[in-house]
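Below is model07.txt, which holds compact mmCIF, C-alpha atoms.
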```
# COMPACT_ATOMS: atom_id res chain seq x y z
CA MET A 106 28.02 34.23 -75.36
CA LYS A 107 24.83 32.27 -74.62
CA SER A 108 23.55 28.89 -75.64
CA ILE A 109 21.35 29.08 -78.75
CA LYS A 110 18.80 26.74 -77.15
CA GLU A 111 18.37 29.08 -74.20
CA PHE A 112 18.14 32.07 -76.57
CA ILE A 113 15.45 30.41 -78.71
CA GLU A 114 13.45 29.48 -75.62
CA ASN A 115 13.58 33.06 -74.32
CA ASN A 116 12.36 34.45 -77.65
CA LYS A 117 9.76 31.83 -78.50
CA LYS A 118 6.84 34.07 -77.62
CA ASP A 119 7.70 36.52 -80.41
CA LEU A 120 7.88 34.02 -83.22
CA PRO A 121 5.58 34.45 -86.21
CA VAL A 122 1.85 33.98 -85.71
CA TYR A 123 -0.13 32.47 -88.57
CA PHE A 124 -3.72 31.67 -89.32
CA SER A 125 -4.27 27.98 -89.63
CA TYR A 126 -6.05 28.01 -92.99
CA ALA A 127 -6.63 24.30 -93.25
CA THR A 128 -8.49 23.98 -89.99
CA PHE A 129 -10.22 27.40 -89.92
CA LYS A 130 -8.99 28.19 -86.47
CA LYS A 131 -7.62 31.32 -84.85
CA PRO A 132 -3.96 32.23 -85.29
CA ALA A 133 -1.75 29.26 -84.62
CA PRO A 134 1.80 29.42 -83.29
CA ILE A 135 4.68 28.42 -85.51
CA GLY A 136 5.04 24.71 -86.06
CA LYS A 137 1.37 24.03 -86.83
CA ASP A 138 0.04 23.90 -90.40
CA LEU A 139 2.85 26.05 -91.66
CA PRO A 140 4.74 25.89 -94.93
CA GLU A 141 8.06 25.21 -93.21
CA THR A 142 8.89 22.42 -95.61
CA LYS A 143 8.74 24.69 -98.64
CA SER A 144 11.60 24.16 -101.02
CA ARG A 145 14.18 26.86 -101.01
CA PHE A 146 14.89 28.73 -104.23
CA TYR A 147 18.59 28.91 -104.71
CA ARG A 148 19.98 31.55 -107.01
CA THR A 149 23.19 30.41 -108.46
CA LEU A 150 25.33 30.61 -111.53
CA GLN A 151 24.87 28.13 -114.32
CA PHE A 152 27.42 25.55 -113.19
CA MET A 153 26.82 24.58 -109.59
CA PRO A 154 29.23 22.13 -107.93
CA THR A 155 27.62 18.73 -107.67
CA LYS A 156 27.93 18.58 -103.90
CA PHE A 157 25.70 21.65 -103.51
CA TYR A 158 23.21 20.36 -106.06
CA LYS A 159 22.81 17.13 -104.09
CA LYS A 160 22.22 19.07 -100.89
CA ILE A 161 19.65 21.36 -102.51
CA SER A 162 17.81 18.56 -104.30
CA GLN A 163 17.32 16.80 -100.97
CA SER A 164 15.49 19.80 -99.59
CA ALA A 165 11.84 18.96 -98.85
CA PRO A 166 9.10 19.70 -101.40
CA ILE A 167 6.57 22.53 -101.16
CA THR A 168 3.62 21.96 -98.83
CA PRO A 169 0.50 23.94 -99.88
CA THR A 170 -0.73 26.27 -97.14
CA ASN A 171 -4.40 25.35 -97.58
CA GLU A 172 -3.98 21.60 -97.66
CA LYS A 173 -6.81 19.85 -95.78
CA MET B 58 32.59 21.21 -89.62
CA LYS B 59 35.32 23.28 -88.05
CA ASN B 60 37.51 23.44 -91.14
CA ASN B 61 34.60 24.62 -93.29
CA TYR B 62 33.45 28.06 -94.29
CA PHE B 63 29.79 29.07 -94.14
CA ILE B 64 27.76 30.41 -97.05
CA LEU B 65 24.70 32.37 -95.97
CA LEU B 66 22.03 31.78 -98.59
CA ALA B 67 20.96 34.81 -100.59
CA ASP B 68 17.27 34.58 -99.70
CA CYS B 69 18.13 34.78 -95.99
CA LYS B 70 18.56 38.40 -94.95
CA LEU B 71 20.11 39.59 -91.69
CA VAL B 72 18.48 42.47 -89.82
CA ASP B 73 19.94 43.70 -86.54
CA GLY B 74 18.20 45.16 -83.49
CA PRO B 75 19.28 46.56 -80.13
CA THR B 76 18.66 43.37 -78.13
CA ARG B 77 18.42 40.66 -80.79
CA SER B 78 18.62 40.22 -84.53
CA ILE B 79 16.52 38.35 -87.07
CA ILE B 80 17.19 36.15 -90.08
CA TYR B 81 14.43 36.89 -92.59
CA ASP B 82 13.77 33.69 -94.55
CA MET B 83 12.24 35.05 -97.75
CA SER B 84 11.56 31.74 -99.45
CA ARG B 85 9.61 30.36 -96.52
CA SER B 86 8.07 33.65 -95.34
CA SER B 87 9.35 32.97 -91.87
CA TYR B 88 11.97 34.30 -89.50
CA SER B 89 14.23 33.27 -86.66
CA PHE B 90 15.67 35.33 -83.85
CA ILE B 91 19.43 35.15 -83.43
CA PRO B 92 21.70 36.68 -80.78
CA ASN B 93 23.49 39.84 -81.87
CA VAL B 94 26.86 38.10 -81.64
CA LEU B 95 25.68 35.63 -84.31
CA TYR B 96 24.58 38.59 -86.45
CA GLU B 97 28.15 39.93 -86.17
CA ILE B 98 29.63 36.57 -87.10
CA LEU B 99 27.40 36.13 -90.16
CA SER B 100 27.82 39.69 -91.42
CA GLU B 101 31.52 40.26 -90.68
CA ASP B 102 33.30 36.91 -90.36
CA TYR B 103 32.37 35.28 -93.66
CA ALA B 104 36.03 35.17 -94.67
CA LEU B 105 36.91 33.00 -91.68
CA SER B 106 36.51 29.27 -91.31
CA ILE B 107 34.50 28.08 -88.34
CA ASN B 108 37.83 27.28 -86.66
CA GLY B 109 38.89 30.86 -87.34
CA ILE B 110 35.67 32.15 -85.80
CA VAL B 111 36.24 30.03 -82.70
CA ASN B 112 39.79 31.42 -82.41
CA LYS B 113 38.49 34.96 -82.79
CA TYR B 114 35.84 34.66 -80.06
CA GLY B 115 37.84 32.41 -77.75
CA LEU B 116 37.98 28.67 -77.13
CA GLU B 117 35.72 29.12 -74.10
CA ASN B 118 32.91 29.93 -76.59
CA GLU B 119 33.60 27.02 -78.95
CA GLN B 120 30.61 25.00 -77.80
CA PHE B 121 28.22 27.94 -78.33
CA ILE B 122 29.62 28.75 -81.76
CA LEU B 123 29.29 25.16 -82.95
CA GLU B 124 25.71 25.13 -81.63
CA TYR B 125 25.02 28.30 -83.61
CA PHE B 126 26.18 26.68 -86.83
CA GLU B 127 24.23 23.50 -86.15
CA PHE B 128 21.14 25.68 -85.70
CA LEU B 129 21.81 27.51 -88.99
CA LEU B 130 22.31 24.21 -90.84
CA GLU B 131 19.16 22.72 -89.35
CA LYS B 132 17.15 25.75 -90.51
CA GLU B 133 18.83 25.59 -93.94
CA TYR B 134 20.04 29.17 -93.69
CA ILE B 135 23.61 28.25 -94.63
CA LEU B 136 25.65 25.73 -96.55
CA LEU B 137 29.17 24.68 -95.59
CA SER B 138 32.14 24.48 -97.92
CA ASP B 139 35.80 23.65 -97.44
CA ASN B 140 36.62 26.20 -100.14
CA PRO B 141 35.66 29.85 -99.46
CA SER B 142 35.78 30.73 -103.16
CA GLU B 143 32.71 28.55 -103.72
CA ARG B 144 30.69 31.42 -102.28
CA MET B 145 30.77 32.80 -105.82
CA TRP B 146 28.18 30.19 -106.81
CA PHE B 147 25.64 31.97 -104.62
CA PRO B 148 25.38 35.59 -105.71
CA GLY B 149 23.36 38.00 -103.59
CA ILE B 150 19.84 39.16 -104.41
CA SER B 151 19.38 42.83 -105.27
CA GLU B 152 17.72 45.04 -102.66
CA ASP B 153 16.44 47.52 -105.22
CA TRP B 154 12.72 48.02 -105.68
CA GLU B 155 11.19 49.21 -108.92
CA SER B 156 7.73 49.25 -110.42
CA PRO B 157 6.69 50.20 -113.93
CA TYR B 158 3.45 51.66 -112.57
CA GLU B 159 2.71 55.14 -111.27
CA ILE B 160 0.40 53.66 -108.66
CA THR B 161 0.43 50.12 -107.26
CA ASN B 162 -2.24 50.20 -104.58
CA VAL B 163 -5.44 52.07 -103.84
CA ILE B 164 -7.81 52.34 -100.88
CA ILE B 165 -11.41 53.43 -101.46
CA ASP B 166 -13.58 53.96 -98.37
CA TYR B 167 -17.35 53.89 -98.28
CA ARG B 168 -19.80 54.87 -95.58
CA ASP B 169 -23.03 56.34 -96.98
CA LYS B 170 -21.81 58.22 -100.05
CA VAL B 171 -21.45 56.68 -103.48
CA HIS B 172 -18.25 57.34 -105.46
CA PRO B 173 -18.00 57.70 -109.26
CA ILE B 174 -16.43 54.26 -109.43
CA LYS B 175 -16.35 53.98 -113.21
CA LYS B 176 -14.46 57.29 -113.43
CA ILE B 177 -12.02 56.09 -110.74
CA ILE B 178 -11.33 52.74 -112.40
CA ASP B 179 -10.98 54.43 -115.78
CA GLU B 180 -8.32 56.79 -114.37
CA LEU B 181 -6.50 53.97 -112.60
CA GLU B 182 -6.29 52.07 -115.89
CA SER B 183 -3.72 54.56 -117.14
CA LEU B 184 -1.78 54.66 -113.89
CA GLY B 185 -0.98 51.01 -113.45
CA SER B 186 -2.09 47.52 -112.69
CA VAL B 187 -3.24 48.12 -109.18
CA HIS B 188 -4.43 46.38 -106.09
CA ILE B 189 -7.61 48.02 -104.77
CA GLU B 190 -8.94 47.71 -101.25
CA PHE B 191 -12.61 48.62 -100.88
CA ARG B 192 -13.54 49.30 -97.25
CA PHE B 193 -17.18 49.58 -96.19
CA PHE B 194 -17.78 51.19 -92.78
CA SER B 195 -21.54 50.72 -92.91
CA ASP B 196 -24.01 48.28 -94.42
CA VAL B 197 -26.06 50.76 -96.43
CA LEU B 198 -24.30 50.35 -99.76
CA LEU B 199 -24.73 46.66 -100.62
CA ASP B 200 -25.61 47.58 -104.21
CA GLU B 201 -22.24 49.28 -104.63
CA LEU B 202 -20.59 45.86 -104.62
CA ILE B 203 -22.49 45.07 -107.81
CA VAL B 204 -21.42 48.39 -109.35
CA ILE B 205 -17.79 47.73 -108.37
CA ASN B 206 -17.93 44.23 -109.85
CA GLU B 207 -19.17 45.59 -113.15
CA ALA B 208 -16.71 48.49 -113.17
CA VAL B 209 -13.59 46.36 -112.71
CA ALA B 210 -14.67 43.65 -115.14
CA GLU B 211 -13.13 45.25 -118.22
CA TYR B 212 -10.07 46.85 -116.67
CA ARG B 213 -6.64 45.61 -115.67
CA VAL B 214 -7.13 45.75 -111.92
CA ASN B 215 -4.64 43.26 -110.56
CA SER B 216 -6.40 42.20 -107.38
CA ILE B 217 -9.12 43.32 -105.00
CA SER B 218 -9.55 43.23 -101.22
CA LEU B 219 -12.84 43.84 -99.48
CA LEU B 220 -13.46 44.94 -95.92
CA VAL B 221 -17.17 44.57 -95.15
CA PRO B 222 -19.37 44.40 -92.06
CA HIS B 223 -21.03 41.12 -91.14
CA SER B 224 -24.34 42.98 -91.19
CA LEU B 225 -23.97 43.56 -94.95
CA LYS B 226 -24.84 39.85 -95.29
CA ILE B 227 -23.00 39.26 -98.54
CA ASN B 228 -22.85 35.88 -100.21
CA VAL B 229 -19.08 35.53 -100.10
CA GLU B 230 -18.95 32.29 -102.05
CA GLN B 231 -20.92 33.72 -104.93
CA LEU B 232 -18.97 36.98 -104.86
CA VAL B 233 -15.52 35.39 -105.11
CA LYS B 234 -16.70 32.91 -107.74
CA GLU B 235 -18.02 35.72 -109.94
CA ASN B 236 -14.93 37.92 -109.57
CA LYS B 237 -11.65 36.06 -109.77
CA ARG B 238 -9.73 39.19 -108.89
CA ILE B 239 -11.02 39.22 -105.35
CA LYS B 240 -8.11 37.82 -103.37
CA HIS B 241 -8.96 38.83 -99.83
CA VAL B 242 -12.23 39.42 -97.97
CA GLU B 243 -12.39 40.48 -94.34
CA ILE B 244 -15.78 40.40 -92.66
CA TYR B 245 -15.75 42.30 -89.37
CA GLY B 246 -18.27 42.17 -86.57
CA SER B 247 -18.62 38.40 -87.02
CA GLU B 248 -19.78 36.09 -84.26
CA GLU B 249 -16.47 34.23 -84.21
CA SER B 250 -13.07 34.49 -85.82
CA SER B 251 -12.01 32.19 -88.63
CA ALA B 252 -9.90 32.16 -91.75
CA GLY B 253 -9.92 29.99 -94.83
CA MET B 254 -9.72 29.88 -98.59
CA ILE B 255 -12.83 30.12 -100.76
CA GLU B 256 -11.82 29.65 -104.38
CA GLN B 257 -8.93 32.07 -104.93
CA ALA B 258 -9.76 34.34 -101.98
CA LEU B 259 -8.63 34.33 -98.39
CA VAL B 260 -11.74 34.99 -96.33
CA VAL B 261 -11.18 36.18 -92.79
CA ARG B 262 -14.01 36.62 -90.32
CA SER B 263 -13.13 38.84 -87.40
CA GLU B 264 -15.00 39.60 -84.20
CA ASP B 265 -13.52 43.13 -84.19
CA MET B 266 -15.78 46.07 -85.01
CA ILE B 267 -14.19 48.39 -87.57
CA THR B 268 -16.20 51.58 -87.58
CA SER B 269 -13.94 53.98 -89.47
CA ASN B 270 -10.49 54.54 -90.91
CA LYS B 271 -9.36 55.33 -87.35
CA CYS B 272 -9.18 51.56 -86.79
CA CYS B 273 -6.29 51.37 -89.24
CA GLY B 274 -2.58 51.66 -88.45
CA ALA B 275 -2.16 49.10 -85.67
CA ILE B 276 1.23 47.39 -85.65
CA LEU B 277 0.50 43.70 -85.04
CA LYS B 278 2.70 40.63 -85.43
CA LYS B 279 -0.04 38.87 -87.38
CA ASN B 280 0.18 41.58 -90.06
CA PHE B 281 3.92 41.20 -90.58
CA ASN B 282 4.73 40.72 -94.24
CA LEU B 283 7.75 38.63 -95.11
CA ASN B 284 8.70 38.45 -98.75
CA LEU B 285 11.46 39.86 -100.90
CA ALA B 286 9.33 42.48 -102.67
CA PHE B 287 8.08 43.95 -99.40
CA PHE B 288 11.56 43.75 -97.86
CA ASN B 289 13.09 45.69 -100.75
CA GLU B 290 10.29 48.24 -100.85
CA SER B 291 10.67 48.78 -97.10
CA LYS B 292 14.39 49.37 -97.51
CA ASN B 293 13.92 52.07 -100.11
CA TYR B 294 10.50 53.64 -99.63
CA ASN B 295 7.63 54.01 -97.20
CA ASN B 296 6.11 50.56 -97.35
CA CYS B 297 2.58 51.78 -96.66
CA LEU B 298 2.34 54.98 -98.70
CA ASN B 299 4.66 54.33 -101.63
CA LYS B 300 2.72 54.54 -104.90
CA LYS B 301 -0.57 54.51 -102.99
CA VAL B 302 -3.55 56.79 -103.57
CA SER B 303 -6.70 56.81 -101.44
CA ILE B 304 -10.23 58.11 -101.67
CA ASP B 305 -11.86 58.61 -98.29
CA GLU B 306 -15.53 58.13 -97.51
CA ASN B 307 -16.28 61.74 -98.60
CA GLY B 308 -14.50 61.37 -101.93
CA GLU B 309 -11.41 63.31 -100.83
CA ILE B 310 -8.18 62.25 -102.55
CA LYS B 311 -5.40 61.57 -100.03
CA ASN B 312 -2.20 59.61 -99.54
CA CYS B 313 -4.10 57.66 -96.89
CA PRO B 314 -7.76 57.96 -95.84
CA SER B 315 -6.59 58.61 -92.27
CA PHE B 316 -4.58 61.69 -93.28
CA SER B 317 -6.23 65.07 -92.74
CA ASP B 318 -4.72 66.72 -95.84
CA SER B 319 -6.80 66.41 -98.98
CA PHE B 320 -5.68 66.99 -102.56
CA GLY B 321 -9.19 67.66 -103.81
CA ASN B 322 -12.35 65.67 -104.42
CA ILE B 323 -12.64 62.81 -106.88
CA GLU B 324 -15.78 64.40 -108.37
CA ASP B 325 -13.77 67.25 -109.88
CA LYS B 326 -10.09 66.25 -109.76
CA LEU B 327 -8.07 63.83 -111.84
CA LEU B 328 -6.02 61.24 -109.94
CA SER B 329 -3.17 61.67 -112.44
CA ASP B 330 -2.95 65.39 -111.66
CA VAL B 331 -2.82 64.74 -107.93
CA ILE B 332 -0.14 62.05 -107.97
CA GLU B 333 2.13 64.18 -110.13
CA THR B 334 2.48 66.80 -107.40
CA GLU B 335 5.67 66.89 -105.34
CA THR B 336 3.69 67.23 -102.11
CA PHE B 337 1.71 64.07 -102.76
CA ARG B 338 4.84 62.07 -103.59
CA SER B 339 6.98 63.43 -100.73
CA VAL B 340 5.72 60.87 -98.19
CA TRP B 341 6.60 57.97 -100.50
CA ALA B 342 10.28 58.44 -99.65
CA ILE B 343 9.97 58.20 -95.85
CA ASP B 344 11.64 54.83 -95.38
CA LYS B 345 12.33 53.01 -92.12
CA SER B 346 15.83 54.46 -91.75
CA GLN B 347 14.28 57.88 -91.15
CA ILE B 348 11.61 56.93 -88.62
CA ASP B 349 12.29 57.17 -84.89
CA THR B 350 12.64 53.83 -83.09
CA CYS B 351 11.75 51.89 -86.27
CA GLN B 352 15.19 52.68 -87.67
CA THR B 353 16.80 50.28 -85.17
CA CYS B 354 13.98 47.74 -84.76
CA GLU B 355 14.67 44.19 -85.95
CA PHE B 356 11.13 43.94 -87.39
CA ARG B 357 11.54 47.06 -89.54
CA TYR B 358 11.48 45.37 -92.95
CA MET B 359 8.47 43.11 -92.33
CA CYS B 360 6.31 45.61 -90.48
CA MET B 361 4.00 47.99 -92.37
CA ASP B 362 4.52 51.59 -91.33
CA CYS B 363 1.81 54.07 -90.40
CA ARG B 364 2.46 57.80 -90.96
CA ALA B 365 -1.15 58.76 -90.25
CA TYR B 366 -1.05 58.15 -86.48
CA ARG B 367 2.22 59.16 -84.86
CA GLU B 368 3.46 59.34 -81.27
CA THR B 369 4.44 62.97 -81.87
CA PRO B 370 1.68 64.27 -84.15
CA GLU B 371 3.64 67.25 -85.46
CA ASP B 372 6.70 65.14 -86.38
CA VAL B 373 6.24 63.28 -89.65
CA TYR B 374 9.20 61.00 -88.74
CA SER B 375 7.81 59.98 -85.36
CA LYS B 376 7.27 56.34 -84.38
CA PRO B 377 3.81 54.91 -85.24
CA LEU B 378 1.41 55.68 -82.41
CA LYS B 379 -0.23 52.25 -82.51
CA CYS B 380 3.00 50.30 -82.03
CA GLY B 381 3.38 48.73 -78.62
CA TYR B 382 6.84 47.23 -79.28
CA ASP B 383 10.02 48.60 -77.73
CA PRO B 384 13.09 47.22 -79.55
CA ASN B 385 15.32 48.45 -76.71
CA THR B 386 13.70 46.00 -74.30
CA GLY B 387 12.28 43.44 -76.75
CA GLU B 388 8.87 43.79 -75.05
CA TRP B 389 5.37 44.17 -76.52
CA LYS B 390 2.84 46.19 -74.54
CA GLU B 391 -0.68 47.41 -75.25
CA TRP B 392 -0.02 50.78 -76.93
CA SER B 393 -3.41 52.28 -76.03
CA ARG B 394 -2.63 51.97 -72.31
CA ASN B 395 0.70 53.79 -72.51
CA PRO B 396 0.23 57.06 -70.58
CA LEU B 397 2.94 58.70 -72.72
CA LYS B 398 0.70 58.25 -75.77
CA LYS B 399 -2.36 59.91 -74.18
CA THR B 400 -1.78 63.31 -75.78
CA ALA B 401 -1.40 61.84 -79.26
CA ILE B 402 -4.45 59.60 -78.80
CA GLU B 403 -6.51 62.68 -77.90
CA HIS B 404 -5.01 64.66 -80.79
CA PHE B 405 -6.14 62.03 -83.32
CA ASN B 406 -9.44 61.52 -81.48
CA LEU B 407 -9.00 57.78 -81.47
CA PHE B 408 -11.23 56.80 -78.56
```

Represent the supplied structure as structure tokens.
Amino acid sequence: MKSIKEFIENNKKDLPVYFSYATFKKPAPIGKDLPETKSRFYRTLQFMPTKFYKKISQSAPITPTNEK
Amino acid sequence: MKNNYFILLADCKLVDGPTRSIIYDMSRSSYSFIPNVLYEILSEDYALSINGIVNKYGLENEQFILEYFEFLLEKEYILLSDNPSERMWFPGISEDWESPYEITNVIIDYRDKVHPIKKIIDELESLGSVHIEFRFFSDVLLDELIVINEAVAEYRVNSISLLVPHSLKINVEQLVKENKRIKHVEIYGSEESSAGMIEQALVVRSEDMITSNKCCGAILKKNFNLNLAFFNESKNYNNCLNKKVSIDENGEIKNCPSFSDSFGNIEDKLLSDVIETETFRSVWAIDKSQIDTCQTCEFRYMCMDCRAYRETPEDVYSKPLKCGYDPNTGEWKEWSRNPLKKTAIEHFNLF
């Protein structure tokens, strides 16, 4: 088994490549101008335990991809 | 943490590969690589607590396993619970793909010949609410853009993409303002590359020269498509050809403009007659599980397939010719410089 940090470092070059819409530049590596803070949609049954609801509601809000 | 059980969230899909695996994050259209041992843990050991997982893989790996779960929590791929039955609150998402339409996407190529666009749009009206990509390989048909605009105005075309040369000198701002269904414009042969939103459309300027349909089919990371609909379609059908019909620059009706087989000319054939044929539909069912190399590749459900250009031209299940990725090594290389692909490149007359 390997350390996850070492694994991530070794595979960094193949991470997603995105256009940076807001700044009209060429493809930017992950971490720049990306919608990483988008809220996650959780599918669940009607009655969700409170502890999960609190966790989900603390998830960050959506960041528009073309925000200037 | 160690007494807890993990719950992998339904919108995070696991896809394995020979050297590494990927978590597809559907909600955020992103992905993370994970080691194959973590893929095994997430897909097989969900009934175990984290303590149980540590016991299974050995105390000498405890530190790595805890790091794995910290990584998954940080990325919000999992939740933790001290009660495994609480997994029931997070049902899975179906991997079926259905569409009420006979056709969902269309490619229409132009060079110097005009197509009967009103006839085409009229026929598409009965086949579905489609996405149409208009590709112009020369700058001689500027007026056709006006004809296309008028033709689609009264029909239920869902969205439009345009591929046009820089030399066509279109007023992009005016074009996308006048037609709200234009969602994507790519202008090739530009002086520099850029991308940005104009009104509702993504406008991409590319320095590449795109001279014909032979430029299509390249497998590039920047074209990877990560969303649930595409994932499900890729699992069940050919994600390029499924429910697609194309009209090449000569008016020939094909599955893809780059295919050599024609099903007749749009001047004297009905699209509905063509798409009903078994032969036309047969390629729709060639999913990733049937394609050499792709069937084990970790990118297989985000990568658009190409059946037109194949490493082994006579084998319809052969790996895409223009893919430079080898999942067995995890390495990307320039496909056009691979000497093993020389015969196929000459066969398709690509250079």

Task: Length of the CA of Met106 in chain A to CA of Ser78 in chain B vector [Å] - done: 14.4 Å

TODO: Please report as an NGL selection string which residues of chain B come no farther than 8 Å from chain A, using all atoms listed in the file.
DONE: :B and (66-68 or 84-85 or 87-92 or 94 or 118 or 121 or 124-125 or 128 or 146-148 or 250-254 or 278-279)

TODO: Just the residues within 6 Å of range 369-386 of chain B, please, counting all atoms listed in the file, with nothing from its chain fewer than 2 positions along; format it as an MDAnalysis selection string.
DONE: chainID B and resid 75 275:276 348:349 354 363 366:367 388:392

TODO: Grab the CA of Val111 in chain B to CA of Leu65 in chain B distance for me, in Å with one decimal place.
DONE: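 For CA of Val111 in chain B relative to CA of Leu65 in chain B, the distance reads 17.7 Å.
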
Open item on the list: Set the distance at 9 Å and use only C-alpha atoms: which residues neighbour Lys311 in chain B once local chain neighbours fewer than 4 positions away are removed? I'd like the list as JSON, numbers by chain.
Closed with: {"B": [302, 303, 304, 305, 315, 316, 317, 318, 319, 320, 321, 331, 337]}

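The two atoms in question, CA of Ile323 in chain B and CA of Gly308 in chain B, are spaced 5.5 Å apart.
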
TODO: Mind checking which residues fall within 7 Å of Leu283 in chain B, counting all atoms listed in the file, ignoring those fewer than 6 positions away in the same chain, and posting them as an NGL selection string?
DONE: :B and (83 or 86-87 or 359)

Open item on the list: Which polymer residues, whether protein, DNA or RNA, lie within 12 Å of the coordinate (4.0, 59.6, -108.2) when you count all atoms listed in the file? List them as an NGL selection string, using the chain letters and numbers from the file.
Closed with: :B and (156-162 or 184-185 or 298-302 or 312 or 328-342)

TODO: For Ser195 in chain B, list every protein, DNA or RNA residue within 12 Å, evaluated using only C-alpha atoms, and leave out those in the same chain fewer than 3 positions away; present the list as JSON, numbers by chain.
DONE: {"B": [166, 167, 168, 169, 170, 192, 198, 199, 201, 220, 221, 222, 223, 224, 225, 226, 244, 245, 246, 266, 267, 268, 269, 270, 306]}
